[in-house]
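In what follows, a single structure is set out as structure tokens and then discussed.
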Amino acid sequence: MAWNEPGGGGKDPWGSGPNNSGPPDLDEIVRKLQERVSGFLGGGKGGGGGGGGADISKRTIGIIAAVLLIVWLFTGIYIVDPAERGVVMRFGAYAKTTEPGPHWHIPFPIESVQLVNVDEISSFSHKAAMLTKDENIVDVELTVQSRIQDAANYLFQDQTPEKTLRDATETVVRKTIGGSKLDFILTEGRSAIAAIIQERVQNLMNEYKTGLLVTSVNMQPAKPPEPVKEAFDDAIKAREDKERLENQAEAYANEILPQARGEAARAIADAKAYRDRVIAEAEGQTSRFSAVLTEYEKAPDVTRERLYLETIENVLGANNTVVLDVPGGDSLMYLPLDQLMNKSPRSQANSNGARRDLSQPTTASTRAPDPRSRTTSRDRRSR
């Protein structure tokens with residue numbers, strides 16, 4: 001019966017006697033509560049008041065269970081760093097992958113989380129002597145760097161992804177070096193071979209689902225074996241000399257070709273100018289001849305006589321000796337014109353002025369022949 005019901009005996013809920021003296025003592029209430037809890041934890045043995053003790057035991061169990069449940073739920077909280085990925089496993093099987101930040105999962109034993117660092121770079125070196133396509137032996141050394149790309153594949157798809165990467169690298173290197181010639185490997189082919197190796201190794205990693213990403217492949221300069229190293233050094237030196245001479249020849253060609261092209265263009269321009277000048281002179285002479293022909297058709301005798309006199313004047317004008325035939329005399333008069341011309345500059349100017357162009361037309365109306373000159377010329381021809 002409840003303590004506040006009629007006939008309940010006047011007892012309080014803590015099993016005390018009738019309350020006739022006012023409110024219950026707080027210390028007494030705490031003491032009795034401790035006794036009840038101790039009785040519950042001690043196997044149900046304790047003070048009297050069995051009904052009230054059962055109620056308190058159930059309430060205490062509920063509180064403890066709630067606290068334990070809250071603590072258990074809080075254990076499911078986890079934080080993923082920016083360089084990590086969280087792999088959630090439910091009863092040991094892969095469930096999902098979480099990105100950086102705070103997350104919650106169902107606590108153990110239902111789910112568990114494994115954090116994987118996907119930004120950490122791991123590397124290893126590979127060195128071996130290999131046979132090339134042209135049946136030469138070369139020492140190859142390279143360094144392969146990788147990181148985790150897919151955390152789930154890295155944990156569950158391959159048991160030893162790092163070993164798989166090493167084995168795949170060795171296989172790809174042997175295949176690539178075996179398909180290349182020695183000169184290509186020793187010279188300009190180093191970077192190209194490294195790129196090919198990286199691509200082929202990554203294809204194998206994707207095929208095996210290792211979850212690894214090959215970030216770089218650094219290939220060291222290939223070296224020949226020690227017994228033939230000196231011969232290879234000589235060959236490399238000769239190749240370098242060849243490249244140097246080719247560069248020098250190319251530089252000389254780049255310097256001399258523009259100069260030669262300029263000279264050729266200048267020669268072509270001079271030839272065109274000479275052609276134009278010759279054509280112009282020929283056209284001018286043709287025009288003058290046509291003009292003389294026109295005058296000849298008008299007065300043939302006059303024009304013929306004029307041309308004859310001008311020709312004789314041009315021929316004898318350069319001669320410094322003149323012999324005069326005096327009519328009616330037996331002696332000839334000699335004039336030293338060379339000395340006279342040296343003394344008198346005017347004579348030289350007159351001599352130059354006397355040399356006229358045969359092509360200059362002179363019409364009968366502007367220049368009439370002197371009858372005396374005609375007679376004199378006839379007398380000379382008769383002699």
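We name chains A, B, ... following the order of the structure tokens; residues begin at 1 in each chain, and ligands are numbered from 1 as shown.
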Test item: residues at most 10 Å from region 154-158 of chain A, only C-alpha atoms, excluding those fewer than 3 positions along its chain, as number ranges by chain: A: 87, 93-94, 114, 116, 148-151, 161-164, 208-212
Residues within 9 Å of region 192-207 of chain A, only C-alpha atoms, excluding chain neighbours under 4 positions, as a compact mmCIF listing (two decimals) with N, CA and C atoms, in the first residue's frame:
```txt
# COMPACT_ATOMS: atom_id res chain seq x y z
N LEU A 142 66.71 3.26 -61.26
CA LEU A 142 65.60 4.21 -61.20
C LEU A 142 64.95 4.20 -59.83
N VAL A 144 61.21 4.84 -57.88
CA VAL A 144 59.76 4.90 -58.08
C VAL A 144 59.12 5.44 -56.81
N PRO A 161 50.46 -4.87 -51.37
CA PRO A 161 50.50 -3.98 -52.52
C PRO A 161 51.91 -3.45 -52.83
N THR A 164 53.75 -6.03 -54.75
CA THR A 164 53.20 -6.07 -56.11
C THR A 164 53.77 -4.93 -56.96
N LEU A 165 53.91 -3.76 -56.36
CA LEU A 165 54.48 -2.62 -57.09
C LEU A 165 55.92 -2.88 -57.48
N ALA A 168 55.95 -5.49 -60.34
CA ALA A 168 55.47 -4.90 -61.59
C ALA A 168 56.51 -3.95 -62.19
N THR A 169 57.20 -3.21 -61.34
CA THR A 169 58.24 -2.30 -61.84
C THR A 169 59.37 -3.06 -62.51
N THR A 171 59.24 -5.97 -63.92
CA THR A 171 58.75 -6.54 -65.19
C THR A 171 58.67 -5.48 -66.28
N VAL A 172 58.13 -4.33 -65.93
CA VAL A 172 57.97 -3.26 -66.93
C VAL A 172 59.33 -2.72 -67.38
N VAL A 173 60.26 -2.57 -66.45
CA VAL A 173 61.59 -2.05 -66.82
C VAL A 173 62.29 -2.99 -67.78
N THR A 176 60.63 -2.66 -71.20
CA THR A 176 60.87 -1.38 -71.87
C THR A 176 62.32 -1.28 -72.35
N ILE A 177 63.28 -1.65 -71.50
CA ILE A 177 64.69 -1.60 -71.90
C ILE A 177 64.96 -2.60 -73.00
N SER A 180 64.22 -1.18 -76.48
CA SER A 180 64.87 0.07 -76.88
C SER A 180 66.33 -0.21 -77.22
N ILE A 185 68.80 4.80 -75.21
CA ILE A 185 68.76 4.75 -73.75
C ILE A 185 69.82 5.67 -73.15
N GLU A 188 69.06 10.75 -75.57
CA GLU A 188 67.84 11.52 -75.36
C GLU A 188 66.64 10.70 -74.91
N GLY A 211 45.27 -0.07 -55.27
CA GLY A 211 44.98 1.21 -54.64
C GLY A 211 46.14 2.17 -54.60
N LEU A 212 47.24 1.87 -55.29
CA LEU A 212 48.43 2.71 -55.30
C LEU A 212 48.46 3.58 -56.56
N LEU A 213 49.01 4.78 -56.41
CA LEU A 213 49.20 5.71 -57.52
C LEU A 213 50.69 5.99 -57.66
N VAL A 214 51.25 5.71 -58.84
CA VAL A 214 52.66 5.97 -59.11
C VAL A 214 52.80 7.45 -59.44
N THR A 215 53.42 8.20 -58.55
CA THR A 215 53.53 9.65 -58.74
C THR A 215 54.69 10.05 -59.65
N SER A 216 55.79 9.32 -59.60
CA SER A 216 56.93 9.67 -60.45
C SER A 216 57.87 8.47 -60.58
N VAL A 217 58.60 8.49 -61.71
CA VAL A 217 59.66 7.52 -61.96
C VAL A 217 60.88 8.30 -62.41
N ASN A 218 61.90 8.32 -61.58
CA ASN A 218 63.13 9.05 -61.88
C ASN A 218 64.21 8.06 -62.29
N MET A 219 64.62 8.16 -63.56
CA MET A 219 65.61 7.24 -64.09
C MET A 219 66.97 7.92 -64.12
```
A:His103, A:Arg147, A:Arg90, A:Arg190: which is nearest Lys223 (chain A), counting only C-alpha atoms? A:Arg190
Which residues, written as a list of chain:residue names, have at least one atom at most 10 Å from region 127-131 of chain A, with only C-alpha atoms counted and residues fewer than 6 positions away on the same chain left out?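 That gives A:Ile137, A:Val138, A:Asp139, A:Val140, A:Glu141, A:Leu142, A:Thr143, A:Glu170, A:Val173, A:Arg174, A:Lys175, A:Ile177, A:Gly178, A:Gly179, A:Ser180, A:Lys181, A:Leu182, A:Met219, A:Gln220, A:Ala222, A:Lys223, A:Pro224, A:Pro225.
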Quick one: residues within 10 Å of region 236-242 of chain A, only C-alpha atoms counted, chain neighbours fewer than 6 positions away excluded, as number ranges by chain? A: 183, 186-187, 230, 248
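Put simply, CA of Phe91 (chain A) is 5.5 Å away from CA of Ile110 (chain A).
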Please return as a list in words: the residues of region 240-325 of chain A that backbone DSSP assigns to strand (DSSP E). Thr321, Val322, Val323, Leu324 and Asp325 of chain A
Emit the selected residues as a PDB file, in the first residue's frame, including C-alpha atoms.
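Written file, selection.pdb:
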```pdb
ATOM      1  CA  THR A 321      98.564  66.253-137.163  1.00  0.00           C
ATOM      2  CA  VAL A 322      97.023  68.306-139.929  1.00  0.00           C
ATOM      3  CA  VAL A 323      98.428  68.612-143.439  1.00  0.00           C
ATOM      4  CA  LEU A 324      97.120  71.458-145.562  1.00  0.00           C
ATOM      5  CA  ASP A 325      97.149  71.136-149.323  1.00  0.00           C
TER       6      ASP A 325
END
```
